[in-house]
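Engineer: Provided below: target_29.csv, containing CSV, C-alpha atoms.
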```csv
chain,number,residue,atom,x,y,z
A,7,MET,CA,-65.3,-79.3,73.9
A,8,ALA,CA,-62.1,-80.5,72.2
A,9,VAL,CA,-64.0,-83.6,70.9
A,10,GLY,CA,-66.9,-81.5,69.7
A,11,THR,CA,-64.5,-79.2,67.9
A,12,MET,CA,-62.8,-82.1,66.2
A,13,ARG,CA,-66.1,-83.5,65.0
A,14,SER,CA,-67.1,-80.1,63.5
A,15,ILE,CA,-64.1,-80.2,61.1
A,16,SER,CA,-65.4,-81.2,57.7
A,17,PRO,CA,-63.5,-83.2,55.1
A,18,LEU,CA,-63.3,-80.0,53.0
A,19,ASP,CA,-61.5,-78.2,55.9
A,20,TRP,CA,-59.0,-81.0,56.1
A,21,ILE,CA,-58.4,-80.9,52.3
A,22,ILE,CA,-57.9,-77.1,52.4
A,23,ALA,CA,-55.5,-77.4,55.4
A,24,VAL,CA,-53.4,-80.1,53.7
A,25,VAL,CA,-53.3,-78.2,50.4
A,26,ALA,CA,-52.2,-75.0,52.3
A,27,VAL,CA,-49.4,-76.8,54.2
A,28,ALA,CA,-48.2,-78.6,51.1
A,29,ALA,CA,-48.2,-75.5,48.9
A,30,VAL,CA,-46.4,-73.3,51.4
A,31,SER,CA,-43.9,-76.1,52.2
A,32,ILE,CA,-43.1,-76.7,48.5
A,33,GLY,CA,-43.0,-72.9,47.9
A,34,ALA,CA,-40.6,-72.3,50.8
A,35,THR,CA,-38.3,-75.1,49.6
A,36,LEU,CA,-38.3,-73.8,46.0
A,37,LEU,CA,-37.7,-70.3,47.2
A,38,SER,CA,-34.7,-71.3,49.3
A,39,THR,CA,-33.3,-73.3,46.4
A,40,HIS,CA,-33.7,-70.3,44.1
A,41,LEU,CA,-32.0,-68.0,46.5
A,42,PHE,CA,-29.1,-70.4,46.9
A,43,ASP,CA,-28.7,-70.7,43.1
A,44,GLU,CA,-28.8,-67.0,42.8
A,45,ALA,CA,-26.1,-66.5,45.5
A,46,ARG,CA,-23.9,-69.2,43.9
A,47,ALA,CA,-24.1,-67.6,40.5
A,48,GLU,CA,-23.0,-64.3,42.0
A,49,ARG,CA,-20.0,-65.9,43.7
A,50,ILE,CA,-19.0,-67.8,40.5
A,51,ALA,CA,-19.3,-64.5,38.5
A,52,ALA,CA,-17.1,-62.7,41.1
A,53,ALA,CA,-14.5,-65.6,41.2
A,54,ASP,CA,-14.3,-65.7,37.3
A,55,SER,CA,-14.0,-62.0,36.9
A,56,ASP,CA,-11.0,-59.7,37.1
A,57,ALA,CA,-12.7,-57.4,39.5
A,58,ILE,CA,-10.5,-56.0,42.3
A,59,VAL,CA,-11.7,-56.9,45.8
A,60,VAL,CA,-11.2,-54.1,48.2
A,61,ASP,CA,-10.8,-54.4,51.9
A,62,SER,CA,-13.2,-51.6,52.8
A,63,ILE,CA,-15.6,-49.2,51.2
A,64,TYR,CA,-14.0,-46.5,53.2
A,65,ASP,CA,-10.4,-46.9,52.1
A,66,ASP,CA,-10.9,-48.6,48.7
A,67,ARG,CA,-7.8,-50.7,49.2
A,68,ILE,CA,-6.7,-54.1,47.9
A,69,GLU,CA,-5.9,-56.5,50.8
A,70,GLY,CA,-2.2,-56.6,50.5
A,71,ALA,CA,-1.8,-59.8,52.5
A,72,HIS,CA,-3.9,-61.5,49.7
A,73,ASP,CA,-1.8,-60.2,46.9
A,74,PRO,CA,0.9,-62.6,45.6
A,75,ASN,CA,2.2,-59.9,43.3
A,76,TYR,CA,3.1,-57.5,46.1
A,77,GLY,CA,5.9,-55.0,45.5
A,78,ARG,CA,9.2,-56.5,46.6
A,79,ASP,CA,11.4,-53.4,46.5
A,80,ARG,CA,10.9,-52.5,50.1
A,81,TYR,CA,11.8,-56.0,51.3
A,82,GLN,CA,14.8,-56.2,49.0
A,83,ALA,CA,16.1,-52.9,50.4
A,84,ILE,CA,15.7,-54.1,54.0
A,85,ALA,CA,17.5,-57.4,53.2
A,86,LYS,CA,20.3,-55.6,51.5
A,87,SER,CA,20.8,-53.3,54.5
A,88,PHE,CA,21.4,-56.3,56.7
A,89,ALA,CA,24.7,-56.8,55.0
A,90,ALA,CA,26.0,-53.6,56.8
A,91,ASP,CA,23.9,-53.8,60.0
A,92,PRO,CA,21.7,-56.7,61.3
A,93,VAL,CA,19.4,-54.1,62.9
A,94,TYR,CA,17.1,-52.1,60.6
A,95,PHE,CA,15.0,-49.0,61.4
A,96,ASP,CA,12.2,-47.8,59.2
A,97,GLY,CA,13.4,-44.3,59.5
A,98,TYR,CA,10.6,-42.8,61.6
A,99,PRO,CA,11.0,-41.5,65.1
A,100,GLU,CA,8.1,-43.5,66.5
A,101,PHE,CA,10.0,-46.3,68.2
A,102,ASP,CA,11.0,-46.3,71.9
A,103,ILE,CA,14.7,-47.1,71.4
A,104,ASP,CA,17.6,-47.3,73.9
A,105,GLU,CA,21.0,-47.3,72.2
A,106,ALA,CA,22.4,-49.6,74.9
A,107,ASP,CA,19.7,-52.1,74.0
A,108,THR,CA,20.5,-52.0,70.3
A,109,ASP,CA,24.2,-52.5,71.0
A,110,SER,CA,23.2,-55.5,73.1
A,111,ILE,CA,21.1,-56.8,70.3
A,112,ARG,CA,24.0,-56.6,67.9
A,113,ALA,CA,26.2,-58.4,70.4
A,114,GLU,CA,23.6,-61.2,70.9
A,115,ILE,CA,23.3,-61.6,67.1
A,116,ALA,CA,27.1,-61.8,66.7
A,117,ALA,CA,27.3,-64.6,69.3
A,118,ALA,CA,24.3,-66.6,67.9
A,119,ASP,CA,24.9,-69.9,66.1
A,120,SER,CA,22.8,-69.0,63.2
A,121,PRO,CA,22.0,-65.6,61.6
A,122,ILE,CA,19.4,-63.4,63.2
A,123,TYR,CA,18.2,-60.0,61.9
A,124,VAL,CA,15.9,-57.4,63.4
A,125,ALA,CA,13.7,-55.0,61.6
A,126,PHE,CA,11.9,-52.2,63.4
A,127,LEU,CA,9.0,-51.5,61.1
A,128,ASN,CA,6.1,-49.1,61.1
A,129,ALA,CA,3.4,-51.7,60.5
A,130,SER,CA,-0.2,-50.7,59.8
A,131,ASP,CA,-3.4,-52.3,58.8
A,132,LEU,CA,-3.2,-50.2,55.7
A,133,ASP,CA,0.3,-51.2,54.5
A,134,ASP,CA,0.9,-53.8,51.8
A,135,ALA,CA,0.9,-56.7,54.3
A,136,ASP,CA,-2.1,-55.5,56.3
A,137,GLY,CA,0.1,-55.0,59.3
A,138,ASP,CA,0.9,-58.7,59.6
A,139,LEU,CA,4.3,-58.8,61.3
A,140,ASP,CA,4.8,-62.5,60.6
A,141,LEU,CA,4.1,-61.9,56.9
A,142,LEU,CA,6.4,-58.9,56.8
A,143,ALA,CA,9.2,-61.0,58.3
A,144,ALA,CA,8.5,-63.8,55.8
A,145,ARG,CA,8.8,-61.4,52.9
A,146,ILE,CA,12.1,-60.0,54.2
A,147,ALA,CA,13.5,-63.6,54.8
A,148,THR,CA,12.6,-64.5,51.2
A,149,GLU,CA,15.0,-61.8,49.9
A,150,MET,CA,17.8,-63.0,52.2
A,151,ASP,CA,20.9,-64.7,50.6
A,152,ASP,CA,21.7,-66.6,53.8
A,153,PRO,CA,20.8,-70.3,53.6
A,154,GLU,CA,19.7,-69.9,57.2
A,155,ALA,CA,18.2,-66.7,58.5
A,156,ALA,CA,15.7,-65.7,61.2
A,157,VAL,CA,14.1,-62.3,60.8
A,158,LEU,CA,12.4,-60.6,63.7
A,159,THR,CA,10.1,-57.8,63.0
A,160,VAL,CA,9.1,-55.2,65.7
A,161,ASP,CA,6.5,-52.5,65.4
A,162,ALA,CA,6.1,-49.2,67.3
A,163,THR,CA,3.7,-50.9,69.8
A,164,GLY,CA,6.1,-53.6,70.8
A,165,LEU,CA,4.3,-56.4,68.8
A,166,MET,CA,6.7,-58.8,67.0
A,167,GLY,CA,6.7,-61.3,64.2
A,168,LEU,CA,9.2,-64.0,63.2
A,169,ALA,CA,10.0,-65.9,60.0
A,170,GLU,CA,12.9,-68.3,59.3
A,171,LYS,CA,14.5,-70.1,56.4
A,172,GLY,CA,16.7,-73.1,56.4
A,173,VAL,CA,15.9,-74.0,60.0
A,174,THR,CA,13.0,-73.6,62.4
A,175,ARG,CA,12.6,-73.2,66.1
A,176,PRO,CA,9.5,-75.1,67.3
A,177,SER,CA,9.8,-73.8,70.8
A,178,VAL,CA,9.4,-70.2,69.7
A,179,LEU,CA,5.7,-70.2,69.0
A,180,SER,CA,5.1,-66.5,69.7
A,181,LEU,CA,7.1,-63.5,70.8
A,182,THR,CA,5.6,-60.9,73.1
A,183,GLY,CA,7.4,-58.3,75.1
A,184,ASP,CA,6.6,-56.9,78.5
A,185,SER,CA,4.2,-54.0,78.3
A,186,ASP,CA,6.5,-51.9,80.4
A,187,ASP,CA,9.5,-52.6,78.2
A,188,SER,CA,10.7,-50.2,75.5
A,189,ASP,CA,10.6,-51.5,71.9
A,190,SER,CA,14.3,-52.1,72.0
A,191,ARG,CA,14.2,-53.9,75.3
A,192,ALA,CA,11.4,-56.2,74.0
A,193,ALA,CA,13.4,-56.9,70.8
A,194,LEU,CA,16.5,-57.7,72.9
A,195,ALA,CA,14.5,-60.2,75.0
A,196,ALA,CA,13.2,-61.8,71.8
A,197,VAL,CA,16.6,-62.0,70.2
A,198,ARG,CA,17.9,-63.8,73.3
A,199,GLU,CA,15.0,-66.2,73.2
A,200,ILE,CA,15.6,-66.9,69.5
A,201,SER,CA,19.3,-67.4,70.0
A,202,ALA,CA,18.8,-69.8,72.9
A,203,ALA,CA,16.2,-71.9,71.1
A,204,GLU,CA,17.1,-75.2,69.6
A,205,THR,CA,17.0,-75.3,65.8
A,206,GLU,CA,15.7,-78.0,63.5
A,207,ASP,CA,16.3,-78.5,59.8
A,208,VAL,CA,13.3,-78.3,57.6
A,209,GLU,CA,12.6,-80.4,54.6
A,210,SER,CA,12.4,-77.4,52.3
A,211,SER,CA,14.7,-74.5,52.5
A,212,TYR,CA,12.1,-72.4,54.2
A,213,SER,CA,10.1,-72.3,57.4
A,214,HIS,CA,6.4,-72.8,58.0
A,215,ARG,CA,5.9,-69.1,57.1
A,216,HIS,CA,6.6,-69.9,53.5
A,217,ASP,CA,5.1,-72.3,51.0
A,218,ASP,CA,7.0,-75.1,49.3
A,219,ASP,CA,8.3,-72.8,46.6
A,220,GLY,CA,9.8,-70.4,49.1
A,221,ASN,CA,7.2,-67.7,48.6
A,222,PRO,CA,5.6,-66.0,51.7
A,223,GLU,CA,2.3,-67.6,52.4
A,224,VAL,CA,-0.9,-65.8,51.5
A,225,PHE,CA,-2.5,-65.4,54.9
A,226,ASP,CA,-6.1,-65.7,55.9
A,227,GLU,CA,-7.3,-66.5,52.4
A,228,ASP,CA,-9.8,-69.3,52.2
A,229,SER,CA,-9.5,-71.1,48.9
A,230,THR,CA,-11.0,-74.4,50.1
A,231,LYS,CA,-14.5,-73.6,48.8
A,232,ASP,CA,-14.7,-73.3,45.1
A,233,PRO,CA,-18.0,-71.6,44.2
A,234,HIS,CA,-18.2,-73.8,41.1
A,235,THR,CA,-18.6,-76.9,43.3
A,236,LEU,CA,-21.0,-75.6,45.8
A,237,SER,CA,-24.3,-77.5,46.0
A,238,TYR,CA,-27.6,-77.0,47.9
A,239,SER,CA,-27.4,-78.9,51.1
A,240,THR,CA,-30.0,-81.4,52.4
A,241,GLY,CA,-30.2,-79.4,55.6
A,242,GLY,CA,-31.2,-76.3,53.6
A,243,ALA,CA,-34.0,-78.2,51.9
A,244,VAL,CA,-35.2,-79.7,55.2
A,245,ALA,CA,-35.1,-76.2,56.8
A,246,GLY,CA,-37.2,-74.8,54.0
A,247,ALA,CA,-39.7,-77.6,54.3
A,248,ILE,CA,-40.0,-77.2,58.1
A,249,PHE,CA,-40.6,-73.5,57.6
A,250,GLY,CA,-43.2,-74.2,55.0
A,251,ILE,CA,-45.0,-76.7,57.3
A,252,LEU,CA,-45.1,-74.2,60.2
A,253,VAL,CA,-46.3,-71.4,58.0
A,254,GLY,CA,-48.6,-73.6,56.1
A,255,GLY,CA,-50.0,-75.1,59.3
A,256,GLY,CA,-50.8,-71.6,60.5
A,257,VAL,CA,-52.5,-70.8,57.2
A,258,GLY,CA,-54.5,-74.0,57.4
A,259,VAL,CA,-55.7,-73.3,60.9
A,260,GLY,CA,-56.5,-69.7,60.0
A,261,ILE,CA,-58.6,-70.8,57.1
A,262,TYR,CA,-60.5,-73.2,59.3
A,263,PHE,CA,-61.4,-70.6,61.8
A,264,ILE,CA,-62.4,-68.1,59.1
A,265,ARG,CA,-64.7,-70.7,57.5
A,266,ARG,CA,-66.2,-71.5,60.8
A,267,ALA,CA,-66.8,-67.9,61.6
A,268,LEU,CA,-68.5,-67.4,58.2
A,269,LYS,CA,-70.7,-70.4,58.8
A,270,LYS,CA,-71.9,-69.1,62.1
A,271,ARG,CA,-72.6,-65.7,60.6
A,272,THR,CA,-74.6,-67.3,57.8
A,273,ALA,CA,-76.5,-69.5,60.3
A,274,LYS,CA,-77.5,-66.4,62.4
A,275,GLN,CA,-78.8,-64.6,59.3
```
Would you mind writing the file's structure down as structure tokens?
Structural biologist:
Amino acid sequence: MAVGTMRSISPLDWIIAVVAVAAVSIGATLLSTHLFDEARAERIAAADSDAIVVDSIYDDRIEGAHDPNYGRDRYQAIAKSFAADPVYFDGYPEFDIDEADTDSIRAEIAAADSPIYVAFLNASDLDDADGDLDLLAARIATEMDDPEAAVLTVDATGLMGLAEKGVTRPSVLSLTGDSDDSDSRAALAAVREISAAETEDVESSYSHRHDDDGNPEVFDEDSTKDPHTLSYSTGGAVAGAIFGILVGGGVGVGIYFIRRALKKRTAKQ
């Protein structure tokens, strides 16, 4: 039956099928290219405009971690307060603090070989640093006059961040407190770890949390793909062509069976 079916396909059927496959393949490739060009034009227009990008349609807020022109008053005030006390509190009663721990923190800091400062901060995803404790620490360290300074930031959940200038401590990759510890106990353990870690001089006067100019890094911002240089990939063209072949093949087969059915109906009449 298969052989008989193949013999019943006329040259016209083959021509129609080939034309259908080619037309749909070319059309799908052209459509995918058009959609790419359209999306690229939108990205270029957005990149070249002064439009403000908001973090969410619900809070209509600029992503603070992406803003190089963030307000520095808060960080300058914290850095200035360190001259009187190396431990800073945001002023809200949300922290789980034990006075004995804070006294121990100050004692550890006084005995450390290089300056360490601790800031208990009420961090939030909606603050000007998007709650990034490392970024908060880097912004504070930037305002410090000390040629060497390590700034430890602690939020009300016990999470911590660290930034340094002048020296770096490669062994201190992350700081996490015990879930059962109070905020002050977790901070004390972190200060002890920082104080005990070996320091290394860095080529610039700042740590890896800053750029070469001493400015806090802009975190999580992908600037590697300039929309002006984007081009349609070969893979996209091949995918469009394959889609066109599959759809076109289906159209061609459908046309063949429709023509065959019409021929049978005409023969019966």
Engineer: If you measure from CA of Tyr81 in chain A to CA of Asp140 in chain A, what distance in Å do you get, rounded to one decimal?
Structural biologist: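 CA of Tyr81 in chain A sits 13.3 Å away from CA of Asp140 in chain A.
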Engineer: Considering all atoms listed in the file, can you say which of A:Asp119, A:Glu170, A:Glu204, A:Asp131 comes closest to Ala144 in chain A?
Structural biologist: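 Selected residue with least distance to Ala144 in chain A: A:Glu170.
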Engineer: Determine the nearest neighbour of Ala196 in chain A from the options A:Asp91, A:Asp96, A:Glu114, A:Asp109, counting all atoms listed in the file.
Structural biologist: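 Among the listed residues, the smallest separation from Ala196 in chain A belongs to A:Glu114.
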Engineer: For Thr174 in chain A, which residue among A:Ser130, A:Asp104, A:Ala83, A:Asp207 is the nearest when counting only C-alpha atoms?
Structural biologist: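 Of A:Ser130, A:Asp104, A:Ala83, A:Asp207, the one nearest Thr174 in chain A, counting only C-alpha atoms, is A:Asp207.
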Engineer: CA of Ala118 in chain A and CA of Ala203 in chain A are how many Å apart?
Structural biologist: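 If I compute the distance from CA of Ala118 in chain A to CA of Ala203 in chain A, I get 10.2 Å.
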Engineer: What is the CA of Thr148 in chain A to CA of Arg78 in chain A distance in Å?
Structural biologist: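 Computed distance, CA of Thr148 in chain A to CA of Arg78 in chain A, equals 9.8 Å.
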Engineer: Skip Asp151 in chain A itself and residues of its chain fewer than 3 positions away, then list as an NGL selection string all residues within 12 Å of it, counting all atoms listed in the file.
Structural biologist: :A and (82 or 85-86 or 88-89 or 121 or 146-148 or 154-156 or 171-172 or 211)
Engineer: Of the candidates A:Asp107, A:Asp79, A:Asp136, A:Asp152, which shows the shortest atom-to-atom distance to Ser120 in chain A, using all atoms listed in the file?
Structural biologist: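 With all atoms listed in the file as the atom set, the closest residue is A:Asp152.
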Engineer: Name the residues in contact with Gly167 in chain A at a cut-off of 8 Å, using all atoms listed in the file, excluding same-chain residues fewer than 5 positions from it; report them as a CSV table (one decimal) with C-alpha atoms, keeping the file's coordinate frame.
Structural biologist:
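Resulting contents of selection.csv:
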```csv
chain,number,residue,atom,x,y,z
A,138,ASP,CA,0.9,-58.7,59.6
A,139,LEU,CA,4.3,-58.8,61.3
A,140,ASP,CA,4.8,-62.5,60.6
A,141,LEU,CA,4.1,-61.9,56.9
A,142,LEU,CA,6.4,-58.9,56.8
A,143,ALA,CA,9.2,-61.0,58.3
A,158,LEU,CA,12.4,-60.6,63.7
A,159,THR,CA,10.1,-57.8,63.0
A,160,VAL,CA,9.1,-55.2,65.7
A,180,SER,CA,5.1,-66.5,69.7
A,181,LEU,CA,7.1,-63.5,70.8
```
Engineer: Near Ile248 in chain A, within 9 Å and counting all atoms listed in the file, which residues show up once chain neighbours fewer than 6 positions away are dropped, as a PyMOL selection string?
Structural biologist: chain A and resi 31+34-35
Engineer: Which one is closest to Thr163 in chain A: A:Ala129, A:Ala90, A:Val178, A:Ala29? Count all atoms listed in the file.
Structural biologist: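 For Thr163 in chain A, the nearest of the candidates is A:Ala129.
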Engineer: With distances taken over all atoms listed in the file, which of A:Ala117, A:Ala52, A:Ala135, A:Val93 is nearest to Tyr76 in chain A?
Structural biologist: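 Under the stated criterion, the closest residue is A:Ala135.
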